[in-house]
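Next up, upload16.txt (compact mmCIF, N, CA and C atoms and all ligand atoms):
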# COMPACT_ATOMS: atom_id res chain seq x y z
N MET K 1 -2.95 -8.67 -1.10
CA MET K 1 -3.51 -9.59 -2.11
C MET K 1 -4.08 -8.78 -3.28
N HIS K 2 -3.78 -9.24 -4.48
CA HIS K 2 -4.32 -8.62 -5.67
C HIS K 2 -4.91 -9.70 -6.55
N GLN K 3 -5.85 -9.31 -7.42
CA GLN K 3 -6.42 -10.29 -8.33
C GLN K 3 -5.60 -10.34 -9.60
N CYS K 4 -5.09 -11.52 -9.88
CA CYS K 4 -4.33 -11.72 -11.12
C CYS K 4 -5.27 -11.56 -12.32
N GLN K 5 -4.83 -10.79 -13.31
CA GLN K 5 -5.67 -10.51 -14.47
C GLN K 5 -5.62 -11.63 -15.51
N ILE K 6 -4.78 -12.61 -15.29
CA ILE K 6 -4.70 -13.75 -16.21
C ILE K 6 -5.58 -14.90 -15.70
N CYS K 7 -5.35 -15.32 -14.46
CA CYS K 7 -6.09 -16.47 -13.94
C CYS K 7 -7.28 -16.06 -13.06
N ASP K 8 -7.44 -14.74 -12.83
CA ASP K 8 -8.57 -14.22 -12.07
C ASP K 8 -8.68 -14.79 -10.66
N THR K 9 -7.56 -15.06 -10.04
CA THR K 9 -7.58 -15.47 -8.63
C THR K 9 -6.72 -14.50 -7.83
N ASN K 10 -7.00 -14.40 -6.55
CA ASN K 10 -6.22 -13.52 -5.69
C ASN K 10 -4.91 -14.20 -5.29
N GLN K 11 -3.81 -13.48 -5.54
CA GLN K 11 -2.48 -14.04 -5.28
C GLN K 11 -1.64 -13.02 -4.52
N GLU K 12 -0.82 -13.50 -3.59
CA GLU K 12 0.05 -12.61 -2.83
C GLU K 12 1.29 -12.21 -3.61
N GLU K 13 1.84 -13.17 -4.35
CA GLU K 13 3.09 -12.92 -5.05
C GLU K 13 2.82 -12.63 -6.52
N GLY K 14 3.30 -11.48 -6.98
CA GLY K 14 3.11 -11.15 -8.38
C GLY K 14 3.68 -9.78 -8.68
N ILE K 15 3.52 -9.33 -9.90
CA ILE K 15 4.04 -8.03 -10.30
C ILE K 15 2.95 -7.26 -11.05
N PHE K 16 3.12 -5.94 -11.09
CA PHE K 16 2.28 -5.10 -11.93
C PHE K 16 3.02 -4.77 -13.22
N ILE K 17 2.36 -4.98 -14.34
CA ILE K 17 2.85 -4.47 -15.62
C ILE K 17 1.90 -3.34 -15.96
N TYR K 18 2.36 -2.09 -15.80
CA TYR K 18 1.47 -0.93 -15.78
C TYR K 18 0.43 -1.18 -14.70
N HIS K 19 -0.85 -1.22 -15.01
CA HIS K 19 -1.87 -1.42 -13.99
C HIS K 19 -2.34 -2.88 -13.94
N LEU K 20 -1.74 -3.73 -14.76
CA LEU K 20 -2.20 -5.11 -14.87
C LEU K 20 -1.39 -6.01 -13.93
N TYR K 21 -2.09 -6.65 -13.01
CA TYR K 21 -1.42 -7.51 -12.05
C TYR K 21 -1.33 -8.94 -12.56
N ILE K 22 -0.12 -9.51 -12.49
CA ILE K 22 0.09 -10.89 -12.95
C ILE K 22 0.81 -11.65 -11.84
N CYS K 23 0.22 -12.78 -11.42
CA CYS K 23 0.81 -13.55 -10.33
C CYS K 23 2.05 -14.31 -10.82
N GLU K 24 2.82 -14.78 -9.84
CA GLU K 24 4.09 -15.44 -10.18
C GLU K 24 3.90 -16.66 -11.07
N SER K 25 2.86 -17.46 -10.78
CA SER K 25 2.67 -18.69 -11.55
C SER K 25 2.30 -18.36 -13.00
N CYS K 26 1.51 -17.30 -13.21
CA CYS K 26 1.17 -16.92 -14.58
C CYS K 26 2.38 -16.34 -15.31
N GLN K 27 3.20 -15.58 -14.61
CA GLN K 27 4.44 -15.09 -15.23
C GLN K 27 5.27 -16.26 -15.74
N ALA K 28 5.40 -17.28 -14.88
CA ALA K 28 6.20 -18.45 -15.24
C ALA K 28 5.61 -19.16 -16.45
N LYS K 29 4.26 -19.24 -16.49
CA LYS K 29 3.59 -19.91 -17.62
C LYS K 29 3.82 -19.15 -18.92
N ILE K 30 3.71 -17.81 -18.85
CA ILE K 30 3.89 -17.00 -20.05
C ILE K 30 5.30 -17.18 -20.60
N VAL K 31 6.26 -17.13 -19.71
CA VAL K 31 7.66 -17.27 -20.13
C VAL K 31 7.92 -18.66 -20.73
N ALA K 32 7.25 -19.68 -20.19
CA ALA K 32 7.50 -21.05 -20.62
C ALA K 32 6.67 -21.47 -21.83
N THR K 33 5.67 -20.64 -22.20
CA THR K 33 4.77 -21.02 -23.29
C THR K 33 5.37 -20.71 -24.65
N ASP K 34 5.33 -21.68 -25.51
CA ASP K 34 5.80 -21.50 -26.89
C ASP K 34 4.80 -20.62 -27.65
N PRO K 35 5.28 -19.68 -28.47
CA PRO K 35 4.36 -18.83 -29.23
C PRO K 35 3.39 -19.59 -30.14
N GLU K 36 3.70 -20.81 -30.47
CA GLU K 36 2.80 -21.60 -31.31
C GLU K 36 1.78 -22.38 -30.49
N ASP K 37 1.93 -22.34 -29.18
CA ASP K 37 0.99 -23.01 -28.30
C ASP K 37 -0.30 -22.18 -28.22
N PRO K 38 -1.48 -22.82 -28.29
CA PRO K 38 -2.75 -22.08 -28.19
C PRO K 38 -2.84 -21.23 -26.92
N ASP K 39 -2.22 -21.69 -25.84
CA ASP K 39 -2.26 -20.93 -24.59
C ASP K 39 -1.60 -19.56 -24.75
N TYR K 40 -0.62 -19.47 -25.63
CA TYR K 40 0.10 -18.22 -25.82
C TYR K 40 -0.84 -17.14 -26.32
N ARG K 41 -1.74 -17.50 -27.22
CA ARG K 41 -2.72 -16.54 -27.74
C ARG K 41 -3.63 -16.04 -26.63
N PHE K 42 -3.96 -16.93 -25.72
CA PHE K 42 -4.78 -16.56 -24.57
C PHE K 42 -4.08 -15.51 -23.73
N PHE K 43 -2.80 -15.73 -23.47
CA PHE K 43 -2.04 -14.77 -22.67
C PHE K 43 -1.92 -13.43 -23.40
N VAL K 44 -1.64 -13.48 -24.67
CA VAL K 44 -1.50 -12.25 -25.46
C VAL K 44 -2.80 -11.46 -25.45
N HIS K 45 -3.91 -12.20 -25.58
CA HIS K 45 -5.23 -11.56 -25.55
C HIS K 45 -5.43 -10.82 -24.23
N LYS K 46 -5.08 -11.46 -23.14
CA LYS K 46 -5.21 -10.84 -21.82
C LYS K 46 -4.31 -9.61 -21.70
N LEU K 47 -3.09 -9.75 -22.19
CA LEU K 47 -2.12 -8.66 -22.05
C LEU K 47 -2.48 -7.45 -22.90
N ARG K 48 -3.29 -7.65 -23.93
CA ARG K 48 -3.69 -6.52 -24.77
C ARG K 48 -4.53 -5.50 -23.99
N ARG K 49 -5.05 -5.92 -22.87
CA ARG K 49 -5.80 -4.98 -22.03
C ARG K 49 -4.94 -3.78 -21.65
N ILE K 50 -3.66 -4.00 -21.52
CA ILE K 50 -2.74 -2.91 -21.17
C ILE K 50 -2.81 -1.81 -22.22
N GLN K 51 -2.72 -2.20 -23.48
CA GLN K 51 -2.67 -1.23 -24.57
C GLN K 51 -4.02 -0.57 -24.81
N GLN K 52 -5.11 -1.31 -24.52
CA GLN K 52 -6.44 -0.79 -24.81
C GLN K 52 -6.97 0.14 -23.73
N SER K 53 -6.35 0.12 -22.57
CA SER K 53 -6.83 0.96 -21.48
C SER K 53 -6.22 2.35 -21.57
N PRO K 54 -7.03 3.38 -21.37
CA PRO K 54 -6.49 4.74 -21.36
C PRO K 54 -5.45 4.90 -20.26
N LEU K 55 -4.33 5.49 -20.58
CA LEU K 55 -3.26 5.62 -19.61
C LEU K 55 -3.54 6.70 -18.57
N ASN K 56 -4.35 7.69 -18.92
CA ASN K 56 -4.57 8.82 -18.03
C ASN K 56 -5.93 8.78 -17.34
N SER K 57 -6.54 7.60 -17.26
CA SER K 57 -7.85 7.52 -16.62
C SER K 57 -7.70 7.41 -15.10
ZN ZN K 101 -2.34 -15.72 -12.30

Write the structure described by the file as structure tokens, please.
Ligand SMILES: [Zn+2]
Amino acid sequence: MHQCQICDTNQEEGIFIYHLYICESCQAKIVATDPEDPDYRFFVHKLRRIQQSPLNS
């Protein structure tokens, strides 16, 4: 079990993008969300954590 970094719940099924864990349902939501949808900005904001974190820490 890992904690999804989007919905902040523990999920068994998911993937790591670098060190960021995203559950299957959030992956599906991101893929299905239109870029003009307000939810899309929320996902992008969360995903920016990848770029802001030091890679060699
Ligand atoms: Zn999730």

Would you please work out which residue, of K:Ile17, K:Met1, K:Ile22, K:Leu47, is nearest to ligand ZN 101 (chain K) when using only N, CA and C atoms and all ligand atoms? K:Ile22

Run DSSP on the backbone and tell me which residues of chain K come out as alpha helix (DSSP H); list them as a VMD selection string. chain K and resid 24 to 32 38 to 52

Quick one: residues within 7 Å of Ser25 in chain K, only N, CA and C atoms counted, chain neighbours fewer than 3 positions away excluded, as number ranges by chain? K: 13-14, 22, 28-30

Dump N, CA and C atoms for the selected residues as a CSV table (one decimal), in the frame of the given file?
chain,number,residue,atom,x,y,z
K,13,GLU,N,1.8,-13.2,-4.4
K,13,GLU,CA,3.1,-12.9,-5.0
K,13,GLU,C,2.8,-12.6,-6.5
K,14,GLY,N,3.3,-11.5,-7.0
K,14,GLY,CA,3.1,-11.2,-8.4
K,14,GLY,C,3.7,-9.8,-8.7
K,22,ILE,N,-0.1,-9.5,-12.5
K,22,ILE,CA,0.1,-10.9,-13.0
K,22,ILE,C,0.8,-11.6,-11.8
K,28,ALA,N,5.4,-17.3,-14.9
K,28,ALA,CA,6.2,-18.4,-15.2
K,28,ALA,C,5.6,-19.2,-16.4
K,29,LYS,N,4.3,-19.2,-16.5
K,29,LYS,CA,3.6,-19.9,-17.6
K,29,LYS,C,3.8,-19.2,-18.9
K,30,ILE,N,3.7,-17.8,-18.8
K,30,ILE,CA,3.9,-17.0,-20.0
K,30,ILE,C,5.3,-17.2,-20.6

Compute the set of protein, DNA and RNA residues whose minimum atom distance to ligand ZN 101 (chain K) is at most 8 Å, using all atoms listed in the file, and state it as a list in words.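 Taking all atoms listed in the file into account, the residues around ligand ZN 101 (chain K) at most 8 Å away are Gln3, Cys4, Gln5, Ile6, Cys7, Asp8, Thr9, Asn10, Gln11, Tyr21, Ile22, Cys23, Glu24, Ser25, Cys26 and Gln27 of chain K.
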
Please dump the current selection as a CSV table (one decimal), in the coordinates of the input; keep N, CA and C atoms.
chain,number,residue,atom,x,y,z
K,3,GLN,N,-5.8,-9.3,-7.4
K,3,GLN,CA,-6.4,-10.3,-8.3
K,3,GLN,C,-5.6,-10.3,-9.6
K,4,CYS,N,-5.1,-11.5,-9.9
K,4,CYS,CA,-4.3,-11.7,-11.1
K,4,CYS,C,-5.3,-11.6,-12.3
K,5,GLN,N,-4.8,-10.8,-13.3
K,5,GLN,CA,-5.7,-10.5,-14.5
K,5,GLN,C,-5.6,-11.6,-15.5
K,6,ILE,N,-4.8,-12.6,-15.3
K,6,ILE,CA,-4.7,-13.8,-16.2
K,6,ILE,C,-5.6,-14.9,-15.7
K,7,CYS,N,-5.4,-15.3,-14.5
K,7,CYS,CA,-6.1,-16.5,-13.9
K,7,CYS,C,-7.3,-16.1,-13.1
K,8,ASP,N,-7.4,-14.7,-12.8
K,8,ASP,CA,-8.6,-14.2,-12.1
K,8,ASP,C,-8.7,-14.8,-10.7
K,9,THR,N,-7.6,-15.1,-10.0
K,9,THR,CA,-7.6,-15.5,-8.6
K,9,THR,C,-6.7,-14.5,-7.8
K,10,ASN,N,-7.0,-14.4,-6.6
K,10,ASN,CA,-6.2,-13.5,-5.7
K,10,ASN,C,-4.9,-14.2,-5.3
K,11,GLN,N,-3.8,-13.5,-5.5
K,11,GLN,CA,-2.5,-14.0,-5.3
K,11,GLN,C,-1.6,-13.0,-4.5
K,21,TYR,N,-2.1,-6.6,-13.0
K,21,TYR,CA,-1.4,-7.5,-12.0
K,21,TYR,C,-1.3,-8.9,-12.6
K,22,ILE,N,-0.1,-9.5,-12.5
K,22,ILE,CA,0.1,-10.9,-13.0
K,22,ILE,C,0.8,-11.6,-11.8
K,23,CYS,N,0.2,-12.8,-11.4
K,23,CYS,CA,0.8,-13.6,-10.3
K,23,CYS,C,2.0,-14.3,-10.8
K,24,GLU,N,2.8,-14.8,-9.8
K,24,GLU,CA,4.1,-15.4,-10.2
K,24,GLU,C,3.9,-16.7,-11.1
K,25,SER,N,2.9,-17.5,-10.8
K,25,SER,CA,2.7,-18.7,-11.6
K,25,SER,C,2.3,-18.4,-13.0
K,26,CYS,N,1.5,-17.3,-13.2
K,26,CYS,CA,1.2,-16.9,-14.6
K,26,CYS,C,2.4,-16.3,-15.3
K,27,GLN,N,3.2,-15.6,-14.6
K,27,GLN,CA,4.4,-15.1,-15.2
K,27,GLN,C,5.3,-16.3,-15.7

List every residue of chain K that DSSP, applied to the backbone of this structure, places in strand (DSSP E), and write the result as a PyMOL selection string. chain K and resi 2-3+10-11+14-17+20-23

CA of Ile15 in chain K and CA of Thr33 in chain K are how many Å apart? 18.4 Å

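As for atom C of Leu20 in chain K and CA of His2 in chain K, they are spaced 9.1 Å apart.
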
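For the pair CA of Pro35 in chain K and atom N of Glu12 in chain K, the interatomic distance is 26.7 Å.
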
Axis-aligned box for all listed atoms of range 12-26 of chain K, 8 Å per side, centre and edges in Å to one decimal, as lines of an AutoDock Vina configuration file:
center_x = 0.9
center_y = -9.8
center_z = -9.4
size_x = 22.4
size_y = 33.8
size_z = 29.1

Repaired coordinates for range 14-25 of chain K (all heavy atoms) as a PDB file, in the frame of the given file:
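And here is the file that came out, selection_24.pdb:
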ATOM      1  N   GLY K  14       3.300 -11.480  -6.980  1.00  0.00           N
ATOM      2  CA  GLY K  14       3.110 -11.150  -8.380  1.00  0.00           C
ATOM      3  C   GLY K  14       3.680  -9.780  -8.680  1.00  0.00           C
ATOM      4  O   GLY K  14       4.273  -9.137  -7.810  1.00  0.00           O
ATOM      5  N   ILE K  15       3.520  -9.330  -9.900  1.00  0.00           N
ATOM      6  CA  ILE K  15       4.040  -8.030 -10.300  1.00  0.00           C
ATOM      7  C   ILE K  15       2.950  -7.260 -11.050  1.00  0.00           C
ATOM      8  O   ILE K  15       2.020  -7.851 -11.592  1.00  0.00           O
ATOM      9  CB  ILE K  15       5.276  -8.140 -11.220  1.00  0.00           C
ATOM     10  CG1 ILE K  15       4.948  -8.955 -12.490  1.00  0.00           C
ATOM     11  CG2 ILE K  15       6.451  -8.740 -10.472  1.00  0.00           C
ATOM     12  CD1 ILE K  15       5.903  -8.694 -13.631  1.00  0.00           C
ATOM     13  N   PHE K  16       3.120  -5.940 -11.090  1.00  0.00           N
ATOM     14  CA  PHE K  16       2.280  -5.100 -11.930  1.00  0.00           C
ATOM     15  C   PHE K  16       3.020  -4.770 -13.220  1.00  0.00           C
ATOM     16  O   PHE K  16       4.201  -4.374 -13.185  1.00  0.00           O
ATOM     17  CB  PHE K  16       1.929  -3.789 -11.221  1.00  0.00           C
ATOM     18  CG  PHE K  16       0.814  -3.925 -10.234  1.00  0.00           C
ATOM     19  CD1 PHE K  16       1.087  -4.100  -8.892  1.00  0.00           C
ATOM     20  CD2 PHE K  16      -0.503  -3.875 -10.659  1.00  0.00           C
ATOM     21  CE1 PHE K  16       0.050  -4.220  -7.971  1.00  0.00           C
ATOM     22  CE2 PHE K  16      -1.541  -3.997  -9.747  1.00  0.00           C
ATOM     23  CZ  PHE K  16      -1.263  -4.171  -8.395  1.00  0.00           C
ATOM     24  N   ILE K  17       2.360  -4.980 -14.340  1.00  0.00           N
ATOM     25  CA  ILE K  17       2.850  -4.470 -15.620  1.00  0.00           C
ATOM     26  C   ILE K  17       1.900  -3.340 -15.960  1.00  0.00           C
ATOM     27  O   ILE K  17       0.737  -3.573 -16.288  1.00  0.00           O
ATOM     28  CB  ILE K  17       2.856  -5.562 -16.701  1.00  0.00           C
ATOM     29  CG1 ILE K  17       3.770  -6.709 -16.277  1.00  0.00           C
ATOM     30  CG2 ILE K  17       3.300  -4.968 -18.040  1.00  0.00           C
ATOM     31  CD1 ILE K  17       3.770  -7.879 -17.241  1.00  0.00           C
ATOM     32  N   TYR K  18       2.360  -2.090 -15.800  1.00  0.00           N
ATOM     33  CA  TYR K  18       1.470  -0.930 -15.780  1.00  0.00           C
ATOM     34  C   TYR K  18       0.430  -1.180 -14.700  1.00  0.00           C
ATOM     35  O   TYR K  18       0.791  -1.393 -13.549  1.00  0.00           O
ATOM     36  CB  TYR K  18       0.870  -0.668 -17.164  1.00  0.00           C
ATOM     37  CG  TYR K  18       1.968  -0.364 -18.165  1.00  0.00           C
ATOM     38  CD1 TYR K  18       2.509  -1.371 -18.956  1.00  0.00           C
ATOM     39  CD2 TYR K  18       2.479   0.928 -18.260  1.00  0.00           C
ATOM     40  CE1 TYR K  18       3.536  -1.086 -19.852  1.00  0.00           C
ATOM     41  CE2 TYR K  18       3.514   1.218 -19.145  1.00  0.00           C
ATOM     42  CZ  TYR K  18       4.036   0.204 -19.947  1.00  0.00           C
ATOM     43  OH  TYR K  18       5.036   0.474 -20.806  1.00  0.00           O
ATOM     44  N   HIS K  19      -0.850  -1.220 -15.010  1.00  0.00           N
ATOM     45  CA  HIS K  19      -1.870  -1.420 -13.990  1.00  0.00           C
ATOM     46  C   HIS K  19      -2.340  -2.880 -13.940  1.00  0.00           C
ATOM     47  O   HIS K  19      -3.243  -3.221 -13.198  1.00  0.00           O
ATOM     48  CB  HIS K  19      -3.071  -0.505 -14.261  1.00  0.00           C
ATOM     49  CG  HIS K  19      -3.731  -0.825 -15.566  1.00  0.00           C
ATOM     50  ND1 HIS K  19      -3.253  -0.368 -16.758  1.00  0.00           N
ATOM     51  CD2 HIS K  19      -4.808  -1.585 -15.854  1.00  0.00           C
ATOM     52  CE1 HIS K  19      -4.038  -0.834 -17.725  1.00  0.00           C
ATOM     53  NE2 HIS K  19      -4.969  -1.569 -17.216  1.00  0.00           N
ATOM     54  N   LEU K  20      -1.740  -3.730 -14.760  1.00  0.00           N
ATOM     55  CA  LEU K  20      -2.200  -5.110 -14.870  1.00  0.00           C
ATOM     56  C   LEU K  20      -1.390  -6.010 -13.930  1.00  0.00           C
ATOM     57  O   LEU K  20      -0.165  -6.075 -14.043  1.00  0.00           O
ATOM     58  CB  LEU K  20      -2.018  -5.583 -16.319  1.00  0.00           C
ATOM     59  CG  LEU K  20      -2.676  -6.904 -16.695  1.00  0.00           C
ATOM     60  CD1 LEU K  20      -4.158  -6.715 -16.967  1.00  0.00           C
ATOM     61  CD2 LEU K  20      -2.028  -7.467 -17.950  1.00  0.00           C
ATOM     62  N   TYR K  21      -2.090  -6.650 -13.010  1.00  0.00           N
ATOM     63  CA  TYR K  21      -1.420  -7.510 -12.050  1.00  0.00           C
ATOM     64  C   TYR K  21      -1.330  -8.940 -12.560  1.00  0.00           C
ATOM     65  O   TYR K  21      -2.310  -9.507 -13.029  1.00  0.00           O
ATOM     66  CB  TYR K  21      -2.173  -7.492 -10.715  1.00  0.00           C
ATOM     67  CG  TYR K  21      -1.495  -8.283  -9.626  1.00  0.00           C
ATOM     68  CD1 TYR K  21      -0.369  -7.791  -8.984  1.00  0.00           C
ATOM     69  CD2 TYR K  21      -1.993  -9.527  -9.247  1.00  0.00           C
ATOM     70  CE1 TYR K  21       0.251  -8.514  -7.978  1.00  0.00           C
ATOM     71  CE2 TYR K  21      -1.381 -10.260  -8.235  1.00  0.00           C
ATOM     72  CZ  TYR K  21      -0.263  -9.744  -7.597  1.00  0.00           C
ATOM     73  OH  TYR K  21       0.338 -10.466  -6.613  1.00  0.00           O
ATOM     74  N   ILE K  22      -0.120  -9.510 -12.490  1.00  0.00           N
ATOM     75  CA  ILE K  22       0.090 -10.890 -12.950  1.00  0.00           C
ATOM     76  C   ILE K  22       0.810 -11.650 -11.840  1.00  0.00           C
ATOM     77  O   ILE K  22       1.864 -11.225 -11.365  1.00  0.00           O
ATOM     78  CB  ILE K  22       0.937 -10.923 -14.239  1.00  0.00           C
ATOM     79  CG1 ILE K  22       0.229 -10.136 -15.351  1.00  0.00           C
ATOM     80  CG2 ILE K  22       1.167 -12.364 -14.683  1.00  0.00           C
ATOM     81  CD1 ILE K  22       1.017 -10.051 -16.639  1.00  0.00           C
ATOM     82  N   CYS K  23       0.220 -12.780 -11.420  1.00  0.00           N
ATOM     83  CA  CYS K  23       0.810 -13.550 -10.330  1.00  0.00           C
ATOM     84  C   CYS K  23       2.050 -14.310 -10.820  1.00  0.00           C
ATOM     85  O   CYS K  23       2.280 -14.455 -12.016  1.00  0.00           O
ATOM     86  CB  CYS K  23      -0.217 -14.514  -9.738  1.00  0.00           C
ATOM     87  SG  CYS K  23      -0.626 -15.927 -10.772  1.00  0.00           S
ATOM     88  N   GLU K  24       2.820 -14.780  -9.840  1.00  0.00           N
ATOM     89  CA  GLU K  24       4.090 -15.440 -10.180  1.00  0.00           C
ATOM     90  C   GLU K  24       3.900 -16.660 -11.070  1.00  0.00           C
ATOM     91  O   GLU K  24       4.664 -16.902 -11.983  1.00  0.00           O
ATOM     92  CB  GLU K  24       4.814 -15.854  -8.898  1.00  0.00           C
ATOM     93  CG  GLU K  24       5.639 -14.743  -8.316  1.00  0.00           C
ATOM     94  CD  GLU K  24       6.645 -15.246  -7.308  1.00  0.00           C
ATOM     95  OE1 GLU K  24       6.442 -16.346  -6.753  1.00  0.00           O
ATOM     96  OE2 GLU K  24       7.630 -14.535  -7.072  1.00  0.00           O
ATOM     97  N   SER K  25       2.860 -17.460 -10.780  1.00  0.00           N
ATOM     98  CA  SER K  25       2.670 -18.690 -11.550  1.00  0.00           C
ATOM     99  C   SER K  25       2.300 -18.360 -13.000  1.00  0.00           C
ATOM    100  O   SER K  25       2.742 -19.045 -13.927  1.00  0.00           O
ATOM    101  CB  SER K  25       1.635 -19.597 -10.901  1.00  0.00           C
ATOM    102  OG  SER K  25       0.371 -18.982 -10.868  1.00  0.00           O
TER     103      SER K  25
END
